[in-house]
$ cat input06.csv   # CSV, C-alpha atoms
chain,number,residue,atom,x,y,z
A,1,MET,CA,-13.5,-13.3,-33.6
A,2,ALA,CA,-12.5,-13.4,-29.9
A,3,LEU,CA,-9.5,-11.2,-29.0
A,4,ARG,CA,-6.5,-13.2,-27.9
A,5,ALA,CA,-3.6,-10.8,-28.8
A,6,PHE,CA,-3.1,-7.2,-29.6
A,7,CYS,CA,-0.3,-4.6,-30.0
A,8,ARG,CA,0.1,-2.1,-27.2
A,9,ASP,CA,1.4,0.6,-29.5
A,10,CYS,CA,-1.0,0.6,-32.4
A,11,PHE,CA,-3.8,-1.5,-30.8
A,12,THR,CA,-4.1,-3.8,-33.8
A,13,ALA,CA,-5.7,-7.2,-33.1
A,14,LEU,CA,-3.2,-10.0,-33.8
A,15,THR,CA,-2.9,-13.7,-34.2
A,16,PRO,CA,-1.7,-15.2,-30.9
A,17,GLY,CA,1.9,-16.3,-30.6
A,18,GLY,CA,3.6,-13.5,-32.7
A,19,ARG,CA,6.6,-11.7,-31.3
A,20,ARG,CA,6.1,-8.5,-33.2
A,21,CYS,CA,3.1,-6.5,-34.4
A,22,ALA,CA,2.4,-7.3,-38.1
A,23,ALA,CA,1.1,-3.7,-38.5
A,24,CYS,CA,3.8,-1.5,-36.8
A,25,GLY,CA,6.6,-3.9,-35.9
A,26,SER,CA,6.4,-3.2,-32.2
A,27,PRO,CA,7.5,-6.0,-29.8
A,28,ARG,CA,5.0,-4.8,-27.1
A,29,ILE,CA,2.4,-7.5,-27.7
A,30,VAL,CA,-0.2,-8.8,-25.3
A,31,ASN,CA,-0.8,-12.5,-25.7
A,32,HIS,CA,-3.3,-14.2,-23.3
A,33,ALA,CA,-6.1,-16.8,-23.8
A,34,GLU,CA,-8.4,-15.0,-21.4
A,35,ILE,CA,-7.6,-11.4,-22.3
A,36,GLU,CA,-11.1,-10.7,-23.5
A,37,THR,CA,-12.8,-11.7,-20.3
A,38,LEU,CA,-10.6,-10.2,-17.6
A,39,ALA,CA,-11.9,-6.9,-16.2
A,40,ILE,CA,-10.4,-6.2,-12.8
A,41,ALA,CA,-7.2,-4.0,-13.0
A,42,HIS,CA,-4.6,-2.6,-10.8
A,43,VAL,CA,-2.8,0.5,-12.3
A,44,ASP,CA,0.4,1.6,-10.7
A,45,CYS,CA,2.5,4.7,-11.8
A,46,ASP,CA,6.1,3.8,-12.4
A,47,ALA,CA,8.6,5.4,-10.0
A,48,PHE,CA,6.0,8.2,-9.6
A,49,TYR,CA,7.8,11.0,-7.9
A,50,ALA,CA,11.1,10.5,-9.9
A,51,ALA,CA,9.1,10.2,-13.1
A,52,ILE,CA,7.5,13.6,-12.5
A,53,GLU,CA,10.9,15.2,-11.7
A,54,LYS,CA,12.4,13.8,-14.9
A,55,ARG,CA,9.4,15.0,-16.9
A,56,ASP,CA,9.8,18.5,-15.5
A,57,ASP,CA,13.6,18.6,-15.9
A,58,PRO,CA,14.7,16.8,-19.2
A,59,SER,CA,18.4,17.0,-18.1
A,60,LEU,CA,17.5,14.3,-15.6
A,61,ALA,CA,16.2,11.9,-18.2
A,62,ASP,CA,19.2,9.6,-18.3
A,63,GLN,CA,20.3,10.3,-14.7
A,64,ALA,CA,19.9,8.2,-11.6
A,65,VAL,CA,17.4,10.2,-9.5
A,66,ILE,CA,16.7,9.8,-5.8
A,67,ILE,CA,13.8,11.6,-4.2
A,68,GLY,CA,14.5,12.1,-0.5
A,69,GLY,CA,16.6,13.8,2.1
A,70,GLY,CA,15.0,15.2,5.3
A,71,LYS,CA,16.2,15.1,8.9
A,72,ARG,CA,17.1,11.4,8.9
A,73,GLY,CA,18.2,11.4,5.3
A,74,VAL,CA,16.2,8.5,3.8
A,75,VAL,CA,15.2,7.6,0.3
A,76,SER,CA,11.5,8.4,-0.4
A,77,THR,CA,11.6,6.8,-3.8
A,78,CYS,CA,14.0,6.5,-6.8
A,79,CYS,CA,14.0,5.9,-10.5
A,80,TYR,CA,14.7,2.6,-12.1
A,81,ILE,CA,18.3,3.6,-13.0
A,82,ALA,CA,19.1,4.1,-9.3
A,83,ARG,CA,17.3,0.8,-8.5
A,84,ILE,CA,19.7,-1.1,-10.8
A,85,SER,CA,22.5,0.0,-8.3
A,86,GLY,CA,20.5,-1.4,-5.4
A,87,VAL,CA,18.9,1.8,-4.1
A,88,ARG,CA,15.5,1.2,-2.5
A,89,SER,CA,12.8,3.2,-0.7
A,90,ALA,CA,13.4,4.0,3.0
A,91,MET,CA,17.1,3.3,2.6
A,92,PRO,CA,19.4,5.7,4.5
A,93,MET,CA,20.7,8.3,2.1
A,94,PHE,CA,24.3,7.6,3.0
A,95,LYS,CA,23.9,4.0,2.0
A,96,ALA,CA,22.0,4.9,-1.2
A,97,LEU,CA,24.8,7.3,-2.3
A,98,GLN,CA,27.4,4.7,-1.5
A,99,LEU,CA,25.6,2.3,-3.9
A,100,CYS,CA,24.9,5.0,-6.5
A,101,PRO,CA,27.3,8.0,-6.0
A,102,GLN,CA,26.4,9.6,-9.3
A,103,ALA,CA,22.8,9.9,-8.3
A,104,VAL,CA,21.0,13.3,-8.4
A,105,VAL,CA,19.1,13.9,-5.1
A,106,VAL,CA,15.9,15.9,-5.4
A,107,LYS,CA,13.8,17.1,-2.5
A,108,PRO,CA,10.2,15.9,-2.6
A,109,ASP,CA,7.5,18.3,-3.9
A,110,MET,CA,4.3,16.7,-2.5
A,111,ASP,CA,2.0,19.4,-3.8
A,112,LYS,CA,3.2,18.8,-7.3
A,113,TYR,CA,2.9,15.0,-6.9
A,114,VAL,CA,-0.7,15.3,-5.6
A,115,ARG,CA,-1.7,17.5,-8.6
A,116,VAL,CA,-0.3,14.9,-11.1
A,117,GLY,CA,-1.9,12.1,-9.1
A,118,ARG,CA,-5.3,13.8,-9.5
A,119,GLU,CA,-4.8,14.1,-13.3
A,120,VAL,CA,-4.2,10.4,-13.5
A,121,ARG,CA,-7.2,9.6,-11.3
A,122,GLU,CA,-9.5,11.7,-13.5
A,123,ALA,CA,-8.3,9.8,-16.5
A,124,MET,CA,-9.1,6.5,-14.7
A,125,ARG,CA,-12.6,7.7,-13.9
A,126,ALA,CA,-13.2,8.5,-17.6
A,127,LEU,CA,-12.9,4.7,-18.1
A,128,THR,CA,-15.2,3.5,-15.4
A,129,PRO,CA,-16.9,4.9,-12.3
A,130,LEU,CA,-15.5,1.9,-10.3
A,131,VAL,CA,-12.1,3.3,-9.3
A,132,GLU,CA,-10.8,2.5,-5.9
A,133,PRO,CA,-7.6,4.6,-5.1
A,134,ILE,CA,-5.1,2.9,-2.9
A,135,SER,CA,-2.6,5.7,-2.7
A,136,ILE,CA,-1.5,8.8,-4.6
A,137,ASP,CA,-0.1,6.7,-7.5
A,138,GLU,CA,-2.1,3.5,-7.7
A,139,ALA,CA,-5.7,2.3,-7.9
A,140,PHE,CA,-8.0,-0.6,-8.6
A,141,LEU,CA,-10.5,-0.4,-11.5
A,142,ASP,CA,-13.4,-2.6,-12.5
A,143,LEU,CA,-14.2,-2.3,-16.2
A,144,SER,CA,-16.9,-5.0,-16.2
A,145,GLY,CA,-19.6,-4.1,-18.7
A,146,THR,CA,-17.7,-1.2,-20.3
A,147,ASP,CA,-17.1,-3.0,-23.7
A,148,ARG,CA,-20.0,-1.2,-25.4
A,149,LEU,CA,-19.0,2.2,-23.9
A,150,HIS,CA,-15.4,2.1,-25.2
A,151,GLY,CA,-16.0,-0.2,-28.2
A,152,ALA,CA,-13.3,-2.6,-26.9
A,153,PRO,CA,-12.8,-5.2,-24.1
A,154,PRO,CA,-11.2,-3.9,-20.9
A,155,ALA,CA,-7.7,-5.0,-21.8
A,156,LEU,CA,-7.6,-2.9,-25.0
A,157,THR,CA,-9.2,0.1,-23.2
A,158,LEU,CA,-6.5,-0.1,-20.5
A,159,ALA,CA,-3.7,-0.3,-23.1
A,160,ARG,CA,-5.1,2.9,-24.8
A,161,PHE,CA,-5.3,4.5,-21.3
A,162,ALA,CA,-1.7,3.7,-20.5
A,163,LYS,CA,-0.5,5.2,-23.8
A,164,ALA,CA,-2.6,8.3,-23.3
A,165,ILE,CA,-1.1,8.9,-19.8
A,166,GLU,CA,2.4,8.7,-21.3
A,167,ARG,CA,1.5,11.1,-24.1
A,168,ASP,CA,-0.7,13.6,-22.2
A,169,ILE,CA,0.8,13.6,-18.7
A,170,GLY,CA,4.4,12.6,-19.4
A,171,ILE,CA,4.7,9.7,-17.0
A,172,THR,CA,4.3,5.9,-17.4
A,173,VAL,CA,2.0,3.3,-15.7
A,174,SER,CA,2.0,-0.4,-15.4
A,175,VAL,CA,-1.2,-2.4,-15.6
A,176,GLY,CA,-2.1,-5.7,-14.0
A,177,LEU,CA,-5.3,-7.4,-15.2
A,178,SER,CA,-7.1,-10.4,-13.7
A,179,TYR,CA,-10.4,-11.7,-12.3
A,180,ASN,CA,-9.9,-10.3,-8.8
A,181,LYS,CA,-8.0,-7.6,-6.9
A,182,PHE,CA,-5.4,-9.9,-5.3
A,183,LEU,CA,-4.1,-11.2,-8.7
A,184,ALA,CA,-4.5,-7.9,-10.5
A,185,LYS,CA,-2.1,-6.3,-7.9
A,186,ILE,CA,0.4,-9.0,-8.4
A,187,ALA,CA,0.2,-8.8,-12.1
A,188,SER,CA,1.0,-5.0,-12.1
A,189,ASP,CA,4.4,-5.8,-10.7
A,190,LEU,CA,5.4,-8.4,-13.2
A,191,ASP,CA,6.4,-6.3,-16.1
A,192,LYS,CA,7.5,-2.9,-14.7
A,193,PRO,CA,8.1,-0.3,-16.0
A,194,ARG,CA,5.5,0.4,-18.8
A,195,GLY,CA,4.2,-3.0,-18.1
A,196,PHE,CA,1.0,-4.9,-19.0
A,197,ALA,CA,0.5,-8.4,-17.5
A,198,ALA,CA,-2.5,-10.6,-17.0
A,199,ILE,CA,-3.3,-13.6,-14.8
A,200,GLY,CA,-6.3,-15.7,-15.8
A,201,ARG,CA,-8.3,-18.3,-14.0
A,202,ALA,CA,-6.8,-21.2,-15.8
A,203,GLU,CA,-3.2,-20.4,-14.7
A,204,ALA,CA,-3.7,-18.9,-11.3
A,205,LEU,CA,-2.9,-21.9,-9.2
A,206,ASP,CA,0.1,-22.9,-11.2
A,207,PHE,CA,1.3,-19.3,-11.2
A,208,LEU,CA,0.9,-18.9,-7.4
A,209,GLY,CA,2.2,-22.3,-6.3
A,210,PRO,CA,6.0,-21.7,-6.4
A,211,ARG,CA,5.9,-18.1,-5.2
A,212,PRO,CA,7.0,-17.3,-1.6
A,213,VAL,CA,4.3,-16.7,1.0
A,214,SER,CA,5.5,-13.1,1.3
A,215,LEU,CA,3.8,-12.4,-2.0
A,216,ILE,CA,0.4,-12.4,-0.2
A,217,TRP,CA,-0.7,-9.0,1.1
A,218,GLY,CA,-0.3,-8.7,4.9
A,219,VAL,CA,2.4,-11.3,5.1
A,220,GLY,CA,5.3,-9.2,6.5
A,221,ARG,CA,8.6,-10.4,7.7
A,222,ALA,CA,7.4,-11.6,11.1
A,223,MET,CA,4.4,-13.5,9.6
A,224,GLN,CA,6.7,-15.0,6.9
A,225,GLN,CA,9.1,-16.2,9.5
A,226,ALA,CA,6.3,-17.8,11.5
A,227,LEU,CA,5.0,-19.6,8.4
A,228,GLU,CA,8.4,-20.8,7.5
A,229,ARG,CA,8.9,-22.2,11.0
A,230,ASP,CA,5.8,-24.3,10.3
A,231,GLY,CA,7.3,-25.4,7.0
A,232,LEU,CA,5.1,-23.1,4.9
A,233,LYS,CA,7.6,-21.3,2.6
A,234,ARG,CA,5.7,-21.3,-0.8
A,235,ILE,CA,2.1,-20.6,-1.5
A,236,ALA,CA,1.6,-24.2,-2.7
A,237,ASP,CA,2.6,-25.2,0.9
A,238,LEU,CA,-0.4,-23.3,2.2
A,239,ARG,CA,-2.7,-25.4,0.0
A,240,ARG,CA,-1.7,-28.5,1.8
A,241,LEU,CA,-3.7,-27.3,4.8
A,242,ASP,CA,-7.4,-26.6,4.6
A,243,GLU,CA,-9.0,-23.3,5.8
A,244,ALA,CA,-9.9,-24.7,9.2
A,245,ASP,CA,-6.3,-25.8,9.9
A,246,LEU,CA,-4.9,-22.5,8.9
A,247,MET,CA,-7.4,-20.6,11.1
A,248,ARG,CA,-6.6,-22.8,14.1
A,249,ARG,CA,-2.9,-21.9,13.6
A,250,TYR,CA,-3.1,-18.2,12.6
A,251,GLY,CA,-6.6,-17.0,13.5
A,252,ALA,CA,-8.4,-14.7,11.0
A,253,MET,CA,-5.2,-14.4,9.0
A,254,GLY,CA,-5.3,-18.1,8.4
A,255,GLN,CA,-8.7,-17.8,6.5
A,256,ARG,CA,-7.2,-15.1,4.3
A,257,LEU,CA,-4.1,-17.2,3.6
A,258,ALA,CA,-6.2,-20.2,2.7
A,259,ARG,CA,-8.3,-18.3,0.2
A,260,LEU,CA,-5.7,-16.2,-1.4
A,261,ALA,CA,-3.4,-19.2,-1.8
A,262,ARG,CA,-6.1,-20.6,-4.0
A,263,GLY,CA,-6.5,-17.4,-6.0
A,264,GLN,CA,-9.9,-16.6,-4.3
A,265,ASP,CA,-10.6,-12.9,-3.5
A,266,ASP,CA,-14.2,-11.7,-3.3
A,267,ARG,CA,-13.4,-8.1,-2.5
A,268,THR,CA,-15.1,-5.7,-4.9
A,269,VAL,CA,-13.7,-2.5,-6.3
A,270,ASN,CA,-15.3,0.1,-4.1
A,271,PRO,CA,-15.2,3.7,-5.3
A,272,GLU,CA,-16.5,4.8,-1.9
A,273,GLY,CA,-13.6,3.0,-0.3
A,274,GLU,CA,-11.1,5.7,-0.8
A,275,ALA,CA,-9.9,6.3,2.7
A,276,LYS,CA,-8.6,9.7,3.3
A,277,SER,CA,-7.5,8.7,6.9
A,278,VAL,CA,-7.9,6.0,9.5
A,279,SER,CA,-8.6,7.4,13.0
A,280,ALA,CA,-10.2,6.7,16.3
A,281,GLU,CA,-11.3,9.0,19.1
A,282,THR,CA,-13.0,8.8,22.5
A,283,THR,CA,-15.0,11.3,24.6
A,284,PHE,CA,-14.3,10.9,28.4
A,285,ASN,CA,-17.0,10.4,31.0
A,286,GLN,CA,-15.1,13.0,33.1
A,287,ASP,CA,-12.7,15.6,31.8
A,288,ILE,CA,-9.0,14.5,32.1
A,289,ARG,CA,-6.0,16.8,32.7
A,290,ASP,CA,-3.6,14.2,34.0
A,291,HIS,CA,-0.8,13.4,31.6
A,292,ARG,CA,-0.5,9.7,32.4
A,293,ALA,CA,-4.2,9.2,32.1
A,294,LEU,CA,-4.3,10.9,28.7
A,295,GLU,CA,-1.4,8.7,27.5
A,296,LYS,CA,-3.3,5.5,28.4
A,297,GLN,CA,-6.3,6.7,26.4
A,298,LEU,CA,-4.1,7.6,23.5
A,299,PHE,CA,-2.4,4.2,23.6
A,300,ARG,CA,-5.8,2.4,23.4
A,301,LEU,CA,-6.7,4.5,20.4
A,302,CYS,CA,-3.4,3.8,18.7
A,303,GLU,CA,-4.0,0.1,18.9
A,304,LYS,CA,-7.5,0.6,17.4
A,305,VAL,CA,-6.1,2.6,14.5
A,306,ALA,CA,-3.3,0.1,13.9
A,307,ALA,CA,-5.8,-2.8,13.8
A,308,ARG,CA,-8.1,-0.9,11.4
A,309,CYS,CA,-5.1,-0.2,9.1
A,310,LYS,CA,-4.1,-3.8,9.0
A,311,ALA,CA,-7.7,-4.9,8.3
A,312,LYS,CA,-7.9,-2.5,5.4
A,313,ASP,CA,-4.4,-3.2,4.0
A,314,LEU,CA,-3.4,0.4,4.7
A,315,SER,CA,-0.6,2.4,6.3
A,316,GLY,CA,0.0,6.1,6.7
A,317,ARG,CA,2.7,8.7,7.1
A,318,SER,CA,0.9,11.7,8.6
A,319,VAL,CA,0.0,11.4,12.3
A,320,THR,CA,-2.6,13.8,13.7
A,321,LEU,CA,-3.5,14.2,17.4
A,322,LYS,CA,-6.9,15.7,18.2
A,323,LEU,CA,-7.8,17.2,21.5
A,324,LYS,CA,-11.0,19.0,22.6
A,325,THR,CA,-11.1,21.2,25.7
A,326,THR,CA,-14.0,21.5,28.2
A,327,ASP,CA,-15.2,24.6,26.4
A,328,PHE,CA,-15.3,22.6,23.1
A,329,ARG,CA,-12.2,24.3,21.6
A,330,LEU,CA,-10.4,21.9,19.2
A,331,ARG,CA,-6.7,21.4,19.0
A,332,THR,CA,-5.1,19.4,16.2
A,333,ARG,CA,-1.4,18.7,15.9
A,334,SER,CA,0.4,16.7,13.2
A,335,ARG,CA,3.7,15.1,12.4
A,336,THR,CA,4.8,13.4,9.2
A,337,LEU,CA,6.8,10.2,9.5
A,338,GLU,CA,9.7,9.3,7.2
A,339,THR,CA,8.0,6.1,6.1
A,340,PRO,CA,4.4,4.8,6.3
A,341,THR,CA,3.4,2.8,9.4
A,342,ALA,CA,0.6,0.5,10.5
A,343,LEU,CA,2.3,-0.1,13.9
A,344,ALA,CA,0.6,1.0,17.1
A,345,ALA,CA,4.1,1.5,18.7
A,346,ARG,CA,5.2,4.0,16.0
A,347,LEU,CA,1.8,5.8,16.0
A,348,PHE,CA,1.9,6.0,19.8
A,349,GLU,CA,5.5,7.3,19.8
A,350,ALA,CA,4.6,10.2,17.5
A,351,GLY,CA,1.2,10.9,19.2
A,352,ARG,CA,2.8,10.9,22.7
A,353,ASP,CA,5.3,13.5,21.6
A,354,LEU,CA,2.6,15.7,20.2
A,355,LEU,CA,0.5,15.2,23.4
A,356,ALA,CA,3.4,16.2,25.7
A,357,ARG,CA,3.4,19.7,24.2
A,358,GLU,CA,-0.3,20.2,24.9
A,359,VAL,CA,-0.5,18.9,28.5
A,360,ASP,CA,-0.3,22.2,30.5
A,361,GLY,CA,-3.0,21.7,33.1
A,362,THR,CA,-5.8,22.1,30.6
A,363,ALA,CA,-8.7,19.7,31.1
A,364,PHE,CA,-9.8,17.7,28.0
A,365,ARG,CA,-13.1,16.1,27.2
A,366,LEU,CA,-11.9,14.2,24.0
A,367,ILE,CA,-8.8,12.7,22.5
A,368,GLY,CA,-8.3,11.2,19.0
A,369,ILE,CA,-5.5,10.0,16.8
A,370,GLY,CA,-5.4,9.4,13.1
A,371,LEU,CA,-3.2,8.4,10.1
A,372,SER,CA,-3.4,10.0,6.7
A,373,ASP,CA,-1.2,10.3,3.6
A,374,LEU,CA,-2.2,6.7,3.1
A,375,ALA,CA,-0.4,3.9,1.3
A,376,GLY,CA,-0.8,0.2,0.9
A,377,LEU,CA,0.1,-2.1,3.8
A,378,ASP,CA,3.0,-3.5,1.7
A,379,LYS,CA,4.7,-0.1,2.0
A,380,ALA,CA,4.5,-0.1,5.8
A,381,ASP,CA,7.4,-0.1,8.3
A,382,PRO,CA,10.3,-1.1,6.0
A,383,ALA,CA,13.4,-2.3,7.8
A,384,ASP,CA,15.6,0.7,8.8
A,385,LEU,CA,19.4,0.5,9.4
A,386,VAL,CA,19.2,3.7,11.5
A,387,ASP,CA,16.1,2.8,13.6
A,388,THR,CA,16.3,-0.9,14.4
A,389,SER,CA,13.2,-0.6,16.7
A,390,ILE,CA,11.0,-0.7,13.7
A,391,ALA,CA,11.9,-4.3,12.8
A,392,ARG,CA,11.6,-5.3,16.4
A,393,ASN,CA,8.1,-3.7,16.7
A,394,VAL,CA,7.0,-5.4,13.5
A,395,LYS,CA,7.9,-8.8,15.1
A,396,VAL,CA,6.3,-8.0,18.4
A,397,GLU,CA,3.0,-6.7,17.0
A,398,GLY,CA,2.8,-9.5,14.5
A,399,ALA,CA,3.0,-12.0,17.4
A,400,VAL,CA,0.5,-10.0,19.5
A,401,ASP,CA,-1.9,-9.8,16.5
A,402,LYS,CA,-1.7,-13.6,16.1
A,403,LEU,CA,-2.4,-14.3,19.7
A,404,ARG,CA,-5.4,-11.9,19.8
A,405,ALA,CA,-6.8,-13.3,16.6
A,406,ARG,CA,-6.7,-16.8,18.2
A,407,PHE,CA,-7.7,-16.0,21.8
A,408,GLY,CA,-9.4,-12.7,21.7
A,409,LYS,CA,-8.4,-9.0,22.2
A,410,SER,CA,-7.8,-9.4,25.9
A,411,ALA,CA,-5.3,-12.2,25.4
A,412,VAL,CA,-2.4,-9.6,25.5
A,413,VAL,CA,-2.5,-6.4,27.5
A,414,LYS,CA,0.3,-3.9,27.2
A,415,GLY,CA,2.2,-2.7,30.3
A,416,ILE,CA,1.0,0.9,30.0
A,417,LEU,CA,-2.6,-0.3,30.8
A,418,LEU,CA,-1.8,-2.8,33.6
A,419,ASP,CA,-2.2,-0.3,36.4
A,420,ASP,CA,-5.7,0.8,35.4

$ encode --input "input06.csv" --output "structure tokens"
Amino acid sequence: MALRAFCRDCFTALTPGGRRCAACGSPRIVNHAEIETLAIAHVDCDAFYAAIEKRDDPSLADQAVIIGGGKRGVVSTCCYIARISGVRSAMPMFKALQLCPQAVVVKPDMDKYVRVGREVREAMRALTPLVEPISIDEAFLDLSGTDRLHGAPPALTLARFAKAIERDIGITVSVGLSYNKFLAKIASDLDKPRGFAAIGRAEALDFLGPRPVSLIWGVGRAMQQALERDGLKRIADLRRLDEADLMRRYGAMGQRLARLARGQDDRTVNPEGEAKSVSAETTFNQDIRDHRALEKQLFRLCEKVAARCKAKDLSGRSVTLKLKTTDFRLRTRSRTLETPTALAARLFEAGRDLLAREVDGTAFRLIGIGLSDLAGLDKADPADLVDTSIARNVKVEGAVDKLRARFGKSAVVKGILLDD
């Protein structure tokens, strides 16, 4: 008999439509007509940093916990109790504590979070070799063809995995299941925390239609405003235009909008696709020691890295400058940003500061810039009450990207390069 419903606590197969498990009484029931055939999953750890701190300090279990601090005093992440009060990632700490004055603030321990992330990753790879990490706490999985290996369809295997993570590692995860990566990612956000949601082929268009265009990866605030000015507020609005129309208006992004609005995403889960960093470098025809000339080269590379990040749906927090002297000695200097970025402007600002400390008359034969500590593009460049330039740069670069997609890379040239 085909599986249509099961209990997430005791894994008993059930008759569809029930509200509680007939075997154990649990209300955590998965009901979906296509549950046996869906195999692409997105797994996301719930409030990852805060969950680890609560695990390690039981006195925090019922407390509102904020992970953050630092020079500018921003929220790195927070638990769901704090979120109820309105606290959000990248929010200035003073505002977070105004909203949730009883919160316990914990300084981030990245080494610990990385160790736990690796434990979760290994558990994923025990399910399937097709695991594509997106960041420290989330990944795509393709469980196609694993039914015989695990003695169960992918949905049931993932439910068992989620319970094992909670039991063995002491944190919780949410699972999104669908027939492609785009919808699996959306599904994983539908039932947080400890969630399990599925989006099948039969329901995809109806599900997407009323949702805002901002639900689509890569549609940030600037792009959303541009679409809304054209009367395209909901995903169903995008389907009024064909792919060619959207491409004429929005370049390469238009093709993506057209396909995702129809629930089409042919990207595969690529285990080789785990990017440790996104970078670019160039070796000069002649050695350069002039500060201004080095800045121009750096700016070009920052634009390349930003474009690559956006194309790969990535952003990063750690900026690394690379310089090689004429005697082939390598210098690397790094800085960690408060929030992930995919903006050339923010990358250049950090890289230029690092470069200024190295320009001392030394001649260089190579320069490079890179981003690591990667996250999804949806985590990039959140609005900041302290640094309003971020929101401005998001709008400016969004407009530039649109023009270049339509008219070519040379359509817009930044001022720093005009006197070349």

$ closest_residue --input "input06.csv" --among "A:Leu208, A:Val65, A:Ile288, A:Ala345" --to "A:Ala306" --atoms "only C-alpha atoms"
A:Ala345

$ closest_residue --input "input06.csv" --among "A:Asp62, A:Glu34, A:Asp266, A:Glu119" --to "A:Asp137" --atoms "all atoms listed in the file"
A:Glu119

$ residues_around --input "input06.csv" --residues "A:Asp265" --least-positions-apart "4" --cutoff "8 Å" --atoms "all atoms listed in the file" --output "PDB file with C-alpha atoms, in the coordinates of the input"
ATOM      1  CA  ASN A 180      -9.900 -10.300  -8.800  1.00  0.00           C
ATOM      2  CA  LYS A 181      -8.000  -7.600  -6.900  1.00  0.00           C
ATOM      3  CA  PHE A 182      -5.400  -9.900  -5.300  1.00  0.00           C
ATOM      4  CA  ARG A 259      -8.300 -18.300   0.200  1.00  0.00           C
ATOM      5  CA  LEU A 260      -5.700 -16.200  -1.400  1.00  0.00           C
TER       6      LEU A 260
END

$ closest_residue --input "input06.csv" --among "A:Glu138, A:Glu295, A:Asp378, A:Asp57" --to "A:Val106" --atoms "only C-alpha atoms"
A:Asp57

$ residues_around --input "input06.csv" --residues "A:Thr326" --least-positions-apart "3" --cutoff "7 Å" --atoms "all atoms listed in the file" --output "list in words"
Ala363, Phe364 and Arg365 of chain A

$ write_last_selection --input "input06.csv" --atoms "C-alpha atoms" --output "tab-separated table (two decimals), in the coordinates of the input"
chain	number	residue	atom	x	y	z
A	363	ALA	CA	-8.70	19.70	31.10
A	364	PHE	CA	-9.80	17.70	28.00
A	365	ARG	CA	-13.10	16.10	27.20

$ closest_residue --input "input06.csv" --among "A:Leu314, A:Ile367, A:Asp245, A:Ile84" --to "A:Leu294" --atoms "all atoms listed in the file"
A:Ile367

$ closest_residue --input "input06.csv" --among "A:Val43, A:Leu38, A:Val75, A:Leu337" --to "A:Ser135" --atoms "all atoms listed in the file"
A:Val43

$ closest_residue --input "input06.csv" --among "A:Thr282, A:Gln224, A:Thr12, A:Ser59" --to "A:Cys24" --atoms "only C-alpha atoms"
A:Thr12

$ residues_around --input "input06.csv" --residues "A:Thr332" --least-positions-apart "3" --cutoff "8 Å" --atoms "only C-alpha atoms" --output "JSON, numbers by chain"
{"A": [320, 321, 322, 323]}

$ atom_distance --input "input06.csv" --atom1 "atom CA of A:Val131" --atom2 "atom CA of A:Thr341"
24.3 Å

$ residues_around --input "input06.csv" --residues "stretch 26-33 of chain A" --least-positions-apart "2" --cutoff "6 Å" --atoms "all atoms listed in the file" --output "list of chain:residue names"
A:Arg4, A:Ala5, A:Phe6, A:Cys7, A:Arg8, A:Pro16, A:Arg19, A:Arg20, A:Cys21, A:Cys24, A:Ile35

$ residues_near_point --input "input06.csv" --point "(3.7, 9.8, 12.0)" --cutoff "8 Å" --atoms "all atoms listed in the file" --output "MDAnalysis selection string"
chainID A and resid 316:320 334:338 340:341 346:347 350:351 371

$ residues_around --input "input06.csv" --residues "A:Pro153" --least-positions-apart "5" --cutoff "9 Å" --atoms "all atoms listed in the file" --output "list in words"
Leu3, Ile35, Glu36, Thr37, Leu38, Ala39, Leu143, Ser144, Gly145, Thr146, Asp147, Arg148 and Leu158 of chain A
